[in-house]
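Contents: one structure, followed by commentary.
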Amino acid sequence: MKLLKSLGNCLSLIFLLAYIPSTCSQVTTPEQWPLHDNGLNEVVEWDHFSFQINGKRLFVFSGELHYWRIPVPEVWEDLLQKIKAAGFTAYAFYGHWGYHSSSPSTLDFTTGAHDITPLFEIAKKVGLYIIVRPGPYVNAETNAGGFPLWLTTGAYGELRDNDPRYTNAWKPYWGNFSQIASQHQVTNDGNMLVYQMENEYGEQWIGNPLSRVPNQPAGEYMRLLQDSSRKNGITVPVIHNDPNMRSFSWSKDFSNATGNVDVAGLDSYPSCWSCNLEECTGTNGEYVAYQTINYYDHFVENSNTQPRFFPEFQGGSYNPWGGPQGGCPNDIGPDFANLFYRDLIAQRVTAISLYMMYGGTNWGAFACPVTATSYDYSSPISENRTIGAKYYETKNLAMFTRAAEDLTVTNRIGNSTSYSTNPAVKASELRNPETGAGFYVTIHSQSSSGTRESFQLRVNTSVGALTIPQYGGSVILNGHQSKILVTDFRFGTATLIYSTAEVLTYAVLDKCPVLVLWVPTGELAEFFLKGARKGSVEKDQRTTSVKFHRRREGLIVGLTQSTGMTVIEFDNDVKVIVVDRSYAYRFWAPNLSIDPFAPVDQSVLVQGPYLVRSAELTGNKKTISLTGDSDNATSIEVFAPHVAKNITWNGKALRTMRTGYGSLTAKIPAVDSGMVQLPPLNNWKAKDSLPERLPSYNDSGIAWADANHTETPNIFKPDTLPVLYVDDYGFHNSLHLFRGYFKGPATGVYLAVQGGNAFGWSAFLNGKFIGSYFGNSSTGSLGYGNMTISFGNVTLNNSTAPNVLLMVQDNTGHDLRSLSLYPRGILNATLLGSSNATFTCWKIAGEAGGNDGVVLDPVRAPLNEGGLTAERLGWHLPGFDDSNFEAGDPSTGFEGAGVRFYRTVVPLDIPVGKDVSISFTLNAPGTNKLRAQLFVNGYQYGKFNPYIGHQIEYPIPPGILNYAGDNTIGLAVWAQSDEGAKVDITWKTDYVLNSGWNSRFDSEYLRPAWSEERLRYV
């Protein structure tokens, strides 16, 4: 058998060598690249070409979502079904140490969305492999990069090295996470494919990586993580994601240094990681829209015996403070997805994970200073869970990679303009050395070009070298676009010798292959089907006439596809469906199994609906039962085994008819969006939420910490004492309050405050407003807000009574990487006007329970609340008694500086069988110097700052909103000037879909009610 296999490989090699152009790469076979495993199992193996699972090669097309950004387990299923429906074989998620650990002595993997087990169970149910990325550091534009904020004091060393203090800190989290994940590995009949060590940690070398001088603490740190993983049951391959092509870290192909992982991957964001293009320097040099990057040579040098793997490739960009509402510029839309993801295939990449596939929301204090509430990330699935052109464009390619088995083993034969008759177009030729299948990735010679180019392509096939199309017409690249054209493409028992239309997918129905091709509307499709002698057009929807050209080896078919679908049947039991882009967008291939490989002989093909989530043959296989979403009345067409005679849609029987070419058709009814009516947001009540500014306020309770530290473990020391860093006293999130007492004469105060980019603060003396730092989104992520404030408008108390300075600070979070250790709070508090004027006492308040490690709200905690009176006392929570509040509407507002909390309760009654997305909108003039926080059923789900700019719409997921009962809506409005503040607040439905996923579910466990324990934190 080995001799026969070797002979077959040699014949394939001879065939290939006959057609290699002058611009060639080395032709190799799998036997020249032995499979690797990690010595613990042979379930997951890998080589120079791709990953292999249980002996079968896999093209990994994955997308990332973060469970802690969408803390509703029921919604995870909706998102994973959408990822699976798009043709993906996997999904990825980061852990978040800070979400699970509110203090050094607490870990929570059981409460609400802290329980990560459903992430694995749903993936198994849906049929997706999982890339698990637990940290301990994750970056993710989240507060301190996912570190627990108690870790940022400096008491644990510099972090991310082998310091024993840091090691002892991460081991409990890492061990618990690993134990949970180990139960769901593919080696344990689960779906976890690989396990990532750290994140973008390109620290293996000191100085130039090519000198290979090890950074010993970094190497030991990576070794410790791996040892702990293995000790706690992880047997799948461990991976890492190098942050750039300069780091050369952790690959066994590059060195044998300490800390290397099984498979080394690369992260890349070629179109800038931020919507603010001014930030787009450094990693990739000067930003150029649609400029692709050469990764091919990097992989050859760094990890040539491993799959070309991107644990993160750009799915979008985050929206920074002051960024545009609604996301990023158009250069990361559907054209980006079309161009850049195909370019990865041109470079032989066989494992891609998009960051992000669904971004979600930085609710509570998850945001770090670089970004605010929204983490939409311009992802294929939007923050409010909608899918559109970018999702569909990504789907078109992912469906192809899932069906194109030969793509998992290829050599790049050439990469030049010599393939094209137009020098403005180049192609990369990939060839499978075992089967001879070819893949030609065409692109503008200058990738940033957006011109319309026509060309013919020179290809090598089993019937010889050809220039296609052969019978007139051209292939078109129209704008920022790429195309993958195939030769000798196998689908079932049939072979496509070539096609100028792209392959979307295929299925094998009743042992007969059904191939789906797609071209943009109005473009030529010419394909050569091997072995066919005759073809008949069974459906011709607004195409030009279909022409057949008989050849010795088969039949060549040419047509120009207008809007719609063309179905052609051939005498060799093959059916070919050609669709335009609009039909391809809504063409689906749901699988009848839960196998992530989605075997083509267990797939059905569906065209028409907004989304198809699942398919099942029921009733003695006579009914094809589909679940999915519809946004309007539409036709549905299903290609399924002939035994199926009926269609049900979300459990309801449809009037089904069979076409002359064997498919089933029906009509999906219209969506009655009028069934969903939102009640008005009225009957507001209000109360002052800054009583701490008043001299009469009593700060002796447990909510307040005595700020009396004269030393700090932080390497960044304050200019004045006592230490007024909030993290040193156990407070970490959102708003903080400082009360400073002094006696004696003073004319003013100098305050140096650090709170992150776009943060702000306000100061009051003896109850009177004396000034504010309004914030700035261009000061850098550390966010210094330094001011000298006069006491000229305040009468100071005499020498026997102290004066009380209140400073309220909005903390926008800790920065990333090493900057996470920069303190938050007051660095300098100096009274002016007299050498005798000094502060005698300071008090600090933050989130309730923070200073003594008490977790009052384990479901929403630890990052949900700050130190406002409203938050400490639970005014934002369902069940709080607001009978002593007065009537007050945020749209009317109030005068003078301060904070006022508004509260109302409104019911919802969303019908069963609908997926409904609801968003709140906050509005105020951009000149208004105010900050507002939106609370929905106790969750802080929006930060609004018109003076800084940015977000005004705040999608709230079902589960946070109660779709079957009362909802407590809170709005904290902070006026930073004597002008006062008012905010218009409304809500709306973003969409109403008839859906197989029900957005009305029992979610009461996610919305725990107010308890009397809150009253202790007055």
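Chain labels run A, B, ... following the order of the structure tokens; each chain numbers its residues from 1, and ligands are numbered from 1 in the order shown.
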Exercise. Near segment 97-110 of chain A, counting only C-alpha atoms, which residues have an atom at most 6 Å away, once you skip same-chain residues fewer than 4 positions from it, shown as a ChimeraX atom specification?
Worked result: /A:114-115,146-148,862
Just to be explicit: take each residue in the selection above, keep C-alpha atoms, and write the result as a PDB file, in the first residue's frame.
ATOM      1  CA  HIS A 114     -19.656  33.064  34.737  1.00  0.00           C
ATOM      2  CA  ASP A 115     -20.452  29.412  34.035  1.00  0.00           C
ATOM      3  CA  GLY A 146      -8.616  41.017  31.300  1.00  0.00           C
ATOM      4  CA  PHE A 147      -6.501  41.059  34.423  1.00  0.00           C
ATOM      5  CA  PRO A 148      -8.450  41.277  37.681  1.00  0.00           C
ATOM      6  CA  PRO A 862     -17.459  42.259  39.748  1.00  0.00           C
TER       7      PRO A 862
END
For this session: Go through segment 722-874 of chain A and collect every residue that DSSP, computed from the backbone, puts in strand (DSSP E); the answer should be as a VMD selection string.
Result: chain A and resid 724 to 725 735 to 743 748 to 754 760 to 765 768 to 773 784 to 790 803 to 810 825 to 832 838 to 845
Return as a CSV table (one decimal) with N, CA and C atoms, in the first residue's frame the full set of residues in segment 19-82 of chain A whose backbone-based DSSP assignment is helix (DSSP H, G or I).
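Heads up, here's the output in part-v1.csv:
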chain,number,residue,atom,x,y,z
A,30,PRO,N,2.6,15.7,1.1
A,30,PRO,CA,2.5,15.4,2.5
A,30,PRO,C,3.5,14.5,3.1
A,31,GLU,N,4.0,13.5,2.3
A,31,GLU,CA,5.0,12.6,2.8
A,31,GLU,C,6.3,13.3,3.2
A,32,GLN,N,6.6,14.4,2.5
A,32,GLN,CA,7.8,15.2,2.8
A,32,GLN,C,7.6,16.0,4.1
A,67,TYR,N,-17.9,35.7,25.7
A,67,TYR,CA,-19.1,35.4,26.5
A,67,TYR,C,-19.3,36.5,27.5
A,68,TRP,N,-18.3,37.1,28.1
A,68,TRP,CA,-18.4,38.1,29.1
A,68,TRP,C,-18.9,39.5,28.5
A,69,ARG,N,-18.8,39.6,27.2
A,69,ARG,CA,-19.4,40.8,26.6
A,69,ARG,C,-20.9,40.7,26.3
A,73,PRO,N,-26.3,33.4,28.5
A,73,PRO,CA,-26.0,32.1,27.9
A,73,PRO,C,-27.0,31.7,26.8
A,74,GLU,N,-28.3,32.1,26.9
A,74,GLU,CA,-29.2,31.8,25.9
A,74,GLU,C,-28.9,32.5,24.6
A,75,VAL,N,-28.3,33.6,24.6
A,75,VAL,CA,-27.9,34.4,23.4
A,75,VAL,C,-26.7,33.7,22.8
A,76,TRP,N,-25.9,33.1,23.5
A,76,TRP,CA,-24.7,32.4,23.0
A,76,TRP,C,-25.1,31.4,21.9
A,77,GLU,N,-26.3,30.8,22.1
A,77,GLU,CA,-26.7,29.8,21.1
A,77,GLU,C,-27.1,30.5,19.8
A,78,ASP,N,-27.8,31.6,19.9
A,78,ASP,CA,-28.1,32.4,18.7
A,78,ASP,C,-26.9,32.7,17.9
A,79,LEU,N,-25.9,33.2,18.6
A,79,LEU,CA,-24.6,33.6,17.9
A,79,LEU,C,-23.9,32.5,17.3
A,80,LEU,N,-23.8,31.4,18.0
A,80,LEU,CA,-23.1,30.2,17.5
A,80,LEU,C,-23.8,29.6,16.3
A,81,GLN,N,-25.1,29.6,16.4
A,81,GLN,CA,-25.9,29.1,15.2
A,81,GLN,C,-25.6,30.0,14.0
A,82,LYS,N,-25.5,31.3,14.2
A,82,LYS,CA,-25.2,32.2,13.0
A,82,LYS,C,-23.8,31.9,12.5
Exercise. Leaving out segment 810-814 of chain A and any residue of its chain fewer than 2 positions from it, which residues lie within 9 Å of it when counting only C-alpha atoms, given as number ranges by chain?
Worked result: A: 142-145, 149, 152, 365-372, 732-736, 754-761, 781-783, 808, 816, 819-825, 866, 931
Exercise. Using only C-alpha atoms, which residues sit within 12 Å of Tyr610 of chain A once same-chain residues fewer than 2 positions away are excluded, as a PyMOL selection string?
Worked result: chain A and resi 82+85-86+386-389+391-392+582-588+606-608+612-613+627-636+668+671+993-996
Output for the residues just chosen: N, CA and C atoms as an mmCIF file, in the first residue's frame:
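Output saved as selection-v6.cif:
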data_model
loop_
_atom_site.group_PDB
_atom_site.id
_atom_site.type_symbol
_atom_site.label_atom_id
_atom_site.label_comp_id
_atom_site.auth_asym_id
_atom_site.auth_seq_id
_atom_site.Cartn_x
_atom_site.Cartn_y
_atom_site.Cartn_z
ATOM 1 N N LYS A 82 -25.472 31.283 14.175
ATOM 2 C CA LYS A 82 -25.170 32.157 13.037
ATOM 3 C C LYS A 82 -23.761 31.916 12.504
ATOM 4 N N ALA A 85 -23.956 28.653 10.590
ATOM 5 C CA ALA A 85 -24.695 28.817 9.341
ATOM 6 C C ALA A 85 -23.854 29.470 8.264
ATOM 7 N N ALA A 86 -22.884 30.278 8.667
ATOM 8 C CA ALA A 86 -22.028 30.971 7.707
ATOM 9 C C ALA A 86 -20.954 30.073 7.116
ATOM 10 N N THR A 386 -27.615 41.691 14.260
ATOM 11 C CA THR A 386 -28.038 41.641 12.870
ATOM 12 C C THR A 386 -26.927 41.065 11.998
ATOM 13 N N ILE A 387 -27.335 40.518 10.855
ATOM 14 C CA ILE A 387 -26.389 40.092 9.834
ATOM 15 C C ILE A 387 -26.713 40.847 8.549
ATOM 16 N N GLY A 388 -25.655 41.178 7.799
ATOM 17 C CA GLY A 388 -25.833 41.950 6.577
ATOM 18 C C GLY A 388 -24.781 41.579 5.561
ATOM 19 N N ALA A 389 -24.435 42.536 4.699
ATOM 20 C CA ALA A 389 -23.575 42.253 3.552
ATOM 21 C C ALA A 389 -22.221 41.693 3.966
ATOM 22 N N TYR A 391 -21.439 39.939 6.672
ATOM 23 C CA TYR A 391 -21.664 38.561 7.101
ATOM 24 C C TYR A 391 -21.830 37.656 5.879
ATOM 25 N N TYR A 392 -22.685 38.077 4.939
ATOM 26 C CA TYR A 392 -22.962 37.237 3.779
ATOM 27 C C TYR A 392 -21.718 37.066 2.907
ATOM 28 N N SER A 582 -26.681 38.332 -5.024
ATOM 29 C CA SER A 582 -27.818 38.509 -4.121
ATOM 30 C C SER A 582 -28.422 37.173 -3.718
ATOM 31 N N TYR A 583 -28.459 36.219 -4.639
ATOM 32 C CA TYR A 583 -28.970 34.885 -4.301
ATOM 33 C C TYR A 583 -27.942 34.101 -3.494
ATOM 34 N N ALA A 584 -26.661 34.295 -3.794
ATOM 35 C CA ALA A 584 -25.620 33.605 -3.036
ATOM 36 C C ALA A 584 -25.638 34.036 -1.572
ATOM 37 N N TYR A 585 -25.902 35.321 -1.339
ATOM 38 C CA TYR A 585 -25.953 35.812 0.031
ATOM 39 C C TYR A 585 -26.953 35.036 0.865
ATOM 40 N N ARG A 586 -28.053 34.638 0.256
ATOM 41 C CA ARG A 586 -29.099 33.931 1.007
ATOM 42 C C ARG A 586 -29.210 32.475 0.571
ATOM 43 N N PHE A 587 -28.046 31.915 0.275
ATOM 44 C CA PHE A 587 -27.956 30.486 -0.043
ATOM 45 C C PHE A 587 -27.240 29.814 1.122
ATOM 46 N N TRP A 588 -27.814 28.707 1.597
ATOM 47 C CA TRP A 588 -27.336 28.062 2.815
ATOM 48 C C TRP A 588 -27.119 26.571 2.577
ATOM 49 N N VAL A 606 -30.411 25.295 0.686
ATOM 50 C CA VAL A 606 -31.600 26.130 0.875
ATOM 51 C C VAL A 606 -31.313 27.528 0.357
ATOM 52 N N GLN A 607 -32.232 28.059 -0.445
ATOM 53 C CA GLN A 607 -32.090 29.430 -0.924
ATOM 54 C C GLN A 607 -33.329 30.227 -0.542
ATOM 55 N N GLY A 608 -33.098 31.466 -0.067
ATOM 56 C CA GLY A 608 -34.217 32.368 0.154
ATOM 57 C C GLY A 608 -34.235 33.092 1.473
ATOM 58 N N VAL A 612 -30.685 30.534 7.771
ATOM 59 C CA VAL A 612 -31.097 29.155 8.040
ATOM 60 C C VAL A 612 -30.205 28.623 9.147
ATOM 61 N N ARG A 613 -30.813 28.244 10.255
ATOM 62 C CA ARG A 613 -30.065 27.821 11.444
ATOM 63 C C ARG A 613 -29.799 26.319 11.462
ATOM 64 N N THR A 627 -35.106 25.347 10.605
ATOM 65 C CA THR A 627 -35.277 26.482 11.512
ATOM 66 C C THR A 627 -34.420 27.622 10.985
ATOM 67 N N GLY A 628 -34.903 28.830 11.224
ATOM 68 C CA GLY A 628 -34.168 29.989 10.749
ATOM 69 C C GLY A 628 -34.934 31.261 10.993
ATOM 70 N N ASP A 629 -34.495 32.323 10.341
ATOM 71 C CA ASP A 629 -35.095 33.640 10.522
ATOM 72 C C ASP A 629 -35.552 34.182 9.177
ATOM 73 N N SER A 630 -36.654 34.901 9.209
ATOM 74 C CA SER A 630 -37.141 35.587 8.010
ATOM 75 C C SER A 630 -37.433 37.031 8.359
ATOM 76 N N ASP A 631 -37.033 37.926 7.463
ATOM 77 C CA ASP A 631 -37.266 39.351 7.678
ATOM 78 C C ASP A 631 -38.408 39.895 6.846
ATOM 79 N N ASN A 632 -38.915 39.077 5.915
ATOM 80 C CA ASN A 632 -40.078 39.466 5.118
ATOM 81 C C ASN A 632 -40.632 38.218 4.438
ATOM 82 N N ALA A 633 -41.731 38.403 3.725
ATOM 83 C CA ALA A 633 -42.276 37.296 2.960
ATOM 84 C C ALA A 633 -41.303 36.938 1.850
ATOM 85 N N THR A 634 -41.027 35.651 1.685
ATOM 86 C CA THR A 634 -40.049 35.245 0.680
ATOM 87 C C THR A 634 -40.326 33.839 0.214
ATOM 88 N N SER A 635 -39.803 33.524 -0.962
ATOM 89 C CA SER A 635 -39.838 32.148 -1.445
ATOM 90 C C SER A 635 -38.669 31.395 -0.854
ATOM 91 N N ILE A 636 -38.880 30.115 -0.636
ATOM 92 C CA ILE A 636 -37.811 29.246 -0.152
ATOM 93 C C ILE A 636 -37.722 28.068 -1.094
ATOM 94 N N ILE A 668 -42.572 31.597 2.597
ATOM 95 C CA ILE A 668 -42.485 31.935 4.014
ATOM 96 C C ILE A 668 -43.302 33.195 4.238
ATOM 97 N N VAL A 671 -43.409 39.018 8.027
ATOM 98 C CA VAL A 671 -43.232 39.292 9.449
ATOM 99 C C VAL A 671 -44.224 40.371 9.865
ATOM 100 N N LEU A 993 -37.892 39.810 13.676
ATOM 101 C CA LEU A 993 -37.782 38.670 12.779
ATOM 102 C C LEU A 993 -38.686 37.543 13.261
ATOM 103 N N ASN A 994 -39.290 36.823 12.318
ATOM 104 C CA ASN A 994 -39.818 35.509 12.660
ATOM 105 C C ASN A 994 -38.617 34.585 12.777
ATOM 106 N N SER A 995 -38.519 33.859 13.875
ATOM 107 C CA SER A 995 -37.255 33.186 14.150
ATOM 108 C C SER A 995 -37.438 31.816 14.769
ATOM 109 N N GLY A 996 -36.500 30.940 14.421
ATOM 110 C CA GLY A 996 -36.412 29.643 15.075
ATOM 111 C C GLY A 996 -35.687 29.719 16.401
#
